[in-house]
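> To be precise about what I am sending: the file is called target_15.cif and holds mmCIF, C-alpha atoms.
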data_coords
#
loop_
_atom_site.group_PDB
_atom_site.id
_atom_site.type_symbol
_atom_site.label_atom_id
_atom_site.label_comp_id
_atom_site.auth_asym_id
_atom_site.auth_seq_id
_atom_site.Cartn_x
_atom_site.Cartn_y
_atom_site.Cartn_z
ATOM 1 C CA MET A 1007 -20.484 -16.463 -5.761
ATOM 2 C CA PRO A 1008 -23.814 -17.510 -7.393
ATOM 3 C CA GLU A 1009 -24.883 -15.729 -10.567
ATOM 4 C CA LYS A 1010 -27.950 -13.500 -10.418
ATOM 5 C CA LYS A 1011 -30.634 -14.672 -12.762
ATOM 6 C CA SER A 1012 -32.613 -12.103 -14.690
ATOM 7 C CA SER A 1013 -36.308 -12.016 -13.831
ATOM 8 C CA SER A 1014 -37.223 -11.116 -17.415
ATOM 9 C CA PRO A 1015 -36.835 -13.659 -20.205
ATOM 10 C CA SER A 1016 -34.154 -12.995 -22.806
ATOM 11 C CA PHE A 1017 -35.333 -12.620 -26.384
ATOM 12 C CA LEU A 1018 -33.604 -12.470 -29.712
ATOM 13 C CA THR A 1019 -33.296 -8.784 -30.590
ATOM 14 C CA TYR A 1020 -33.053 -6.750 -33.769
ATOM 15 C CA LYS A 1021 -31.862 -3.153 -33.414
ATOM 16 C CA GLU A 1022 -32.267 -3.463 -29.627
ATOM 17 C CA LYS A 1023 -35.957 -4.464 -29.803
ATOM 18 C CA PRO A 1024 -37.278 -7.956 -28.959
ATOM 19 C CA LEU A 1025 -38.074 -10.283 -31.861
ATOM 20 C CA VAL A 1026 -40.311 -13.234 -30.938
ATOM 21 C CA ARG A 1027 -41.418 -15.986 -33.319
ATOM 22 C CA MET A 1028 -44.600 -18.050 -33.058
ATOM 23 C CA GLY A 1029 -44.966 -20.331 -36.083
ATOM 24 C CA ASN A 1030 -44.990 -18.175 -39.233
ATOM 25 C CA THR A 1031 -45.596 -14.988 -37.233
ATOM 26 C CA LEU A 1032 -42.929 -12.775 -35.705
ATOM 27 C CA TYR A 1033 -43.575 -9.950 -33.261
ATOM 28 C CA TYR A 1034 -41.078 -7.113 -33.261
ATOM 29 C CA GLY A 1035 -40.994 -4.664 -30.369
ATOM 30 C CA ASP A 1036 -41.775 -4.554 -26.680
ATOM 31 C CA MET A 1037 -45.397 -5.347 -25.786
ATOM 32 C CA ARG A 1038 -45.162 -2.749 -22.984
ATOM 33 C CA ASP A 1039 -44.669 -0.016 -25.613
ATOM 34 C CA LYS A 1040 -47.542 1.691 -27.397
ATOM 35 C CA TYR A 1041 -46.826 -0.088 -30.716
ATOM 36 C CA VAL A 1042 -45.371 -3.359 -32.016
ATOM 37 C CA VAL A 1043 -44.972 -4.805 -35.493
ATOM 38 C CA MET A 1044 -46.402 -8.150 -36.556
ATOM 39 C CA LEU A 1045 -44.620 -9.885 -39.444
ATOM 40 C CA THR A 1046 -46.422 -12.801 -41.085
ATOM 41 C CA ILE A 1047 -44.536 -15.065 -43.482
ATOM 42 C CA MET A 1048 -46.910 -15.563 -46.410
ATOM 43 C CA GLY A 1049 -44.629 -17.623 -48.640
ATOM 44 C CA SER A 1050 -41.221 -19.276 -48.568
ATOM 45 C CA HIS A 1051 -38.851 -21.350 -50.661
ATOM 46 C CA GLU A 1052 -36.251 -23.958 -49.823
ATOM 47 C CA GLU A 1053 -32.573 -23.865 -50.786
ATOM 48 C CA ASP A 1054 -30.120 -26.518 -49.631
ATOM 49 C CA GLY A 1055 -32.562 -27.712 -46.980
ATOM 50 C CA ILE A 1056 -33.127 -24.242 -45.491
ATOM 51 C CA ASN A 1057 -36.429 -22.339 -45.744
ATOM 52 C CA PHE A 1058 -36.243 -18.681 -46.760
ATOM 53 C CA ALA A 1059 -39.138 -16.213 -46.492
ATOM 54 C CA ASP A 1060 -40.274 -14.858 -49.877
ATOM 55 C CA ARG A 1061 -43.333 -12.788 -49.046
ATOM 56 C CA VAL A 1062 -43.810 -11.162 -45.641
ATOM 57 C CA MET A 1063 -46.830 -9.129 -44.485
ATOM 58 C CA VAL A 1064 -45.762 -6.253 -42.184
ATOM 59 C CA GLN A 1065 -48.361 -4.666 -39.883
ATOM 60 C CA LEU A 1066 -47.854 -1.892 -37.338
ATOM 61 C CA LEU A 1067 -50.179 -2.537 -34.386
ATOM 62 C CA SER A 1068 -51.294 -0.572 -31.373
ATOM 63 C CA THR A 1069 -50.947 -2.494 -28.088
ATOM 64 C CA ASP A 1070 -53.908 -0.615 -26.569
ATOM 65 C CA ALA A 1071 -56.178 -3.443 -25.381
ATOM 66 C CA SER A 1072 -59.133 -1.049 -24.953
ATOM 67 C CA LYS A 1073 -59.384 -0.589 -28.751
ATOM 68 C CA PRO A 1074 -61.277 -3.095 -30.899
ATOM 69 C CA ILE A 1075 -58.914 -5.345 -32.874
ATOM 70 C CA THR A 1076 -59.849 -3.703 -36.182
ATOM 71 C CA GLU A 1077 -58.752 -0.284 -34.867
ATOM 72 C CA ARG A 1078 -55.363 -1.571 -33.682
ATOM 73 C CA PHE A 1079 -53.972 -1.948 -37.208
ATOM 74 C CA ILE A 1080 -52.133 1.273 -38.093
ATOM 75 C CA LYS A 1081 -50.108 0.420 -41.243
ATOM 76 C CA LYS A 1082 -49.802 -2.584 -43.507
ATOM 77 C CA SER A 1083 -47.442 -3.588 -46.332
ATOM 78 C CA GLU A 1084 -46.145 -6.694 -48.076
ATOM 79 C CA LYS A 1085 -42.394 -7.072 -48.648
ATOM 80 C CA ASN A 1086 -40.174 -9.536 -50.494
ATOM 81 C CA GLY A 1087 -37.834 -11.228 -48.025
ATOM 82 C CA LEU A 1088 -37.492 -11.114 -44.272
ATOM 83 C CA TYR A 1089 -34.667 -8.549 -44.304
ATOM 84 C CA ASN A 1090 -36.779 -6.027 -46.259
ATOM 85 C CA ALA A 1091 -39.705 -6.675 -43.907
ATOM 86 C CA LEU A 1092 -37.574 -6.162 -40.781
ATOM 87 C CA ASP A 1093 -36.062 -3.032 -42.284
ATOM 88 C CA ILE A 1094 -39.443 -1.346 -42.815
ATOM 89 C CA ALA A 1095 -40.701 -2.706 -39.470
ATOM 90 C CA SER A 1096 -37.861 -1.032 -37.583
ATOM 91 C CA ILE A 1097 -38.470 2.275 -39.381
ATOM 92 C CA TRP A 1098 -42.217 2.213 -38.713
ATOM 93 C CA LEU A 1099 -41.751 1.236 -35.066
ATOM 94 C CA GLN A 1100 -39.095 3.873 -34.429
ATOM 95 C CA ARG A 1101 -41.246 6.609 -35.970
ATOM 96 C CA ALA A 1102 -44.426 5.534 -34.163
ATOM 97 C CA LEU A 1103 -42.714 5.367 -30.776
ATOM 98 C CA SER A 1104 -40.968 8.717 -31.257
ATOM 99 C CA GLU A 1105 -44.264 10.517 -31.987
ATOM 100 C CA ASP A 1106 -45.447 9.983 -28.403
#
As structure tokens, how would this structure be written, given the file I've shared?

Amino acid sequence: MPEKKSSSPSFLTYKEKPLVRMGNTLYYGDMRDKYVVMLTIMGSHEEDGINFADRVMVQLLSTDASKPITERFIKKSEKNGLYNALDIASIWLQRALSED
């Protein structure tokens, strides 16, 4: 019997939310939701041939396309390391989505 293929693309997830990378920018959350988080890697270092993020800018964004881009930024912070950035991103996103 042939396998059914999913019509939606599969993404890497973190705490059950999509995590999509585009260069040094990662988007965390579902674009169909009211908010997503943009993580921008500002600095990195190399150890044993592997790059590790040092400084990461975390920004909570509204996905409302009717708002001007400057009004879409809700919160902003800079964290040391990708894990710390993802940790605060998941907290911010969970809180923002639960307020609706």
> Go through A:Phe1079, A:Val1042, A:Asn1090, A:Met1037 and flag the residue nearest A:Ala1059, using all atoms listed in the file for the distances.
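Comparing A:Phe1079, A:Val1042, A:Asn1090, A:Met1037 against A:Ala1059, the winner is A:Asn1090.
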> Expanded to explicit residues, what is the PyMOL selection byres ((chain A and resi 1020-1029) around 12) for this file, as a PyMOL selection string?
chain A and resi 1014-1019+1030-1039+1041-1048+1089+1092-1093+1095-1097+1099-1100+1103
> Can you work out the spacing between atom CA of A:Glu1053 and atom CA of A:Ile1094 in Å, to one decimal?
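Computing it gives 24.9 Å between the two atoms.
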> Evaluate the PyMOL selection byres ((chain A and resi 1070) around 10) on the structure here and hand back the selected residues as a list in words.
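Applying the expression gives Met1037, Arg1038, Asp1039, Lys1040, Tyr1041, Leu1067, Ser1068, Thr1069, Ala1071, Ser1072, Lys1073, Pro1074, Ile1075, Glu1077 and Arg1078 of chain A.
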> Can you work out which one of A:Arg1101, A:Val1062, A:Thr1076, A:Asn1057 has the shortest atom-to-atom distance to A:Leu1088, counting all atoms listed in the file?
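Closest candidate: A:Val1062.
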> Could you please determine the separation between atom CA of A:Ile1056 and atom CA of A:Trp1098 in Å, to one decimal place?
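So the two atoms, atom CA of A:Ile1056 and atom CA of A:Trp1098, lie 28.8 Å apart.
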> To one decimal place in Å, what is the distance between atom CA of A:His1051 and atom CA of A:Ala1091?
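Atom CA of A:Ala1091 lies 16.2 Å from atom CA of A:His1051.
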> Take every atom of stretch 1063-1077 of chain A listed in the file, fit an axis-aligned box around them, add 4 Å per side, and give the centre and edge lengths in Å to one decimal as JSON.

{"center_x": -53.5, "center_y": -4.7, "center_z": -34.7, "size_x": 23.5, "size_y": 16.8, "size_z": 27.5}
> Taking into account all atoms listed in the file, which residue in the set A:Ala1102, A:Gly1049, A:Arg1061, A:Gly1055 is nearest to A:Ile1080?
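Looking only at the distances to A:Ile1080, the closest residue turns out to be A:Ala1102.
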> I need the residue nearest A:Leu1066 from this list: A:Lys1081, A:Glu1052, A:Ser1104, A:Gly1087. Use all atoms listed in the file for the distance.
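Result for the nearest residue to A:Leu1066: A:Lys1081.
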> For stretch 1046-1077 of chain A, supply N, CA and C atoms and report the output as a short mmCIF file (atom, residue, chain, number, x, y, z; two decimals), in the frame of the given file.

data_model
loop_
_atom_site.label_atom_id
_atom_site.label_comp_id
_atom_site.auth_asym_id
_atom_site.auth_seq_id
_atom_site.Cartn_x
_atom_site.Cartn_y
_atom_site.Cartn_z
N THR A 1046 -45.87 -11.50 -40.76
CA THR A 1046 -46.42 -12.80 -41.08
C THR A 1046 -45.79 -13.31 -42.37
N ILE A 1047 -45.16 -14.47 -42.30
CA ILE A 1047 -44.54 -15.06 -43.48
C ILE A 1047 -45.63 -15.69 -44.33
N MET A 1048 -45.83 -15.13 -45.52
CA MET A 1048 -46.91 -15.56 -46.41
C MET A 1048 -46.44 -16.63 -47.40
N GLY A 1049 -45.17 -16.66 -47.70
CA GLY A 1049 -44.63 -17.62 -48.64
C GLY A 1049 -43.14 -17.82 -48.42
N SER A 1050 -42.64 -19.00 -48.74
CA SER A 1050 -41.22 -19.28 -48.57
C SER A 1050 -40.75 -20.26 -49.63
N HIS A 1051 -39.44 -20.36 -49.76
CA HIS A 1051 -38.85 -21.35 -50.66
C HIS A 1051 -37.69 -22.03 -49.94
N GLU A 1052 -37.32 -23.19 -50.45
CA GLU A 1052 -36.25 -23.96 -49.82
C GLU A 1052 -35.02 -23.99 -50.71
N GLU A 1053 -33.87 -23.76 -50.10
CA GLU A 1053 -32.57 -23.86 -50.79
C GLU A 1053 -31.63 -24.63 -49.88
N ASP A 1054 -31.07 -25.70 -50.39
CA ASP A 1054 -30.12 -26.52 -49.63
C ASP A 1054 -30.66 -26.93 -48.27
N GLY A 1055 -31.95 -27.25 -48.22
CA GLY A 1055 -32.56 -27.71 -46.98
C GLY A 1055 -32.94 -26.63 -45.99
N ILE A 1056 -32.79 -25.36 -46.38
CA ILE A 1056 -33.13 -24.24 -45.49
C ILE A 1056 -34.27 -23.45 -46.10
N ASN A 1057 -35.29 -23.15 -45.28
CA ASN A 1057 -36.43 -22.34 -45.74
C ASN A 1057 -36.09 -20.86 -45.65
N PHE A 1058 -36.43 -20.13 -46.71
CA PHE A 1058 -36.24 -18.68 -46.76
C PHE A 1058 -37.58 -18.02 -47.02
N ALA A 1059 -37.88 -16.94 -46.30
CA ALA A 1059 -39.14 -16.21 -46.49
C ALA A 1059 -39.09 -15.45 -47.80
N ASP A 1060 -40.14 -15.60 -48.62
CA ASP A 1060 -40.27 -14.86 -49.88
C ASP A 1060 -41.15 -13.63 -49.67
N ARG A 1061 -42.36 -13.87 -49.24
CA ARG A 1061 -43.33 -12.79 -49.05
C ARG A 1061 -43.63 -12.65 -47.56
N VAL A 1062 -43.56 -11.42 -47.06
CA VAL A 1062 -43.81 -11.16 -45.64
C VAL A 1062 -44.77 -9.98 -45.51
N MET A 1063 -45.87 -10.19 -44.78
CA MET A 1063 -46.83 -9.13 -44.48
C MET A 1063 -46.34 -8.41 -43.23
N VAL A 1064 -46.23 -7.08 -43.29
CA VAL A 1064 -45.76 -6.25 -42.18
C VAL A 1064 -46.93 -5.39 -41.72
N GLN A 1065 -47.24 -5.45 -40.42
CA GLN A 1065 -48.36 -4.67 -39.88
C GLN A 1065 -47.94 -3.99 -38.59
N LEU A 1066 -48.10 -2.66 -38.55
CA LEU A 1066 -47.85 -1.89 -37.34
C LEU A 1066 -49.13 -1.94 -36.51
N LEU A 1067 -49.01 -2.36 -35.25
CA LEU A 1067 -50.18 -2.54 -34.39
C LEU A 1067 -50.07 -1.71 -33.12
N SER A 1068 -51.21 -1.21 -32.68
CA SER A 1068 -51.29 -0.57 -31.37
C SER A 1068 -51.44 -1.67 -30.32
N THR A 1069 -50.81 -1.51 -29.17
CA THR A 1069 -50.95 -2.49 -28.09
C THR A 1069 -52.05 -2.11 -27.11
N ASP A 1070 -52.82 -1.09 -27.43
CA ASP A 1070 -53.91 -0.62 -26.57
C ASP A 1070 -55.06 -1.64 -26.57
N ALA A 1071 -55.18 -2.38 -25.48
CA ALA A 1071 -56.18 -3.44 -25.38
C ALA A 1071 -57.61 -2.90 -25.30
N SER A 1072 -57.78 -1.61 -25.04
CA SER A 1072 -59.13 -1.05 -24.95
C SER A 1072 -59.74 -0.81 -26.33
N LYS A 1073 -58.89 -0.79 -27.38
CA LYS A 1073 -59.38 -0.59 -28.75
C LYS A 1073 -59.86 -1.91 -29.34
N PRO A 1074 -60.89 -1.88 -30.18
CA PRO A 1074 -61.28 -3.10 -30.90
C PRO A 1074 -60.14 -3.52 -31.82
N ILE A 1075 -60.03 -4.81 -32.09
CA ILE A 1075 -58.91 -5.34 -32.87
C ILE A 1075 -58.79 -4.68 -34.24
N THR A 1076 -59.90 -4.33 -34.85
CA THR A 1076 -59.85 -3.70 -36.18
C THR A 1076 -59.24 -2.31 -36.14
N GLU A 1077 -59.32 -1.63 -35.01
CA GLU A 1077 -58.75 -0.28 -34.87
C GLU A 1077 -57.28 -0.30 -34.45
#
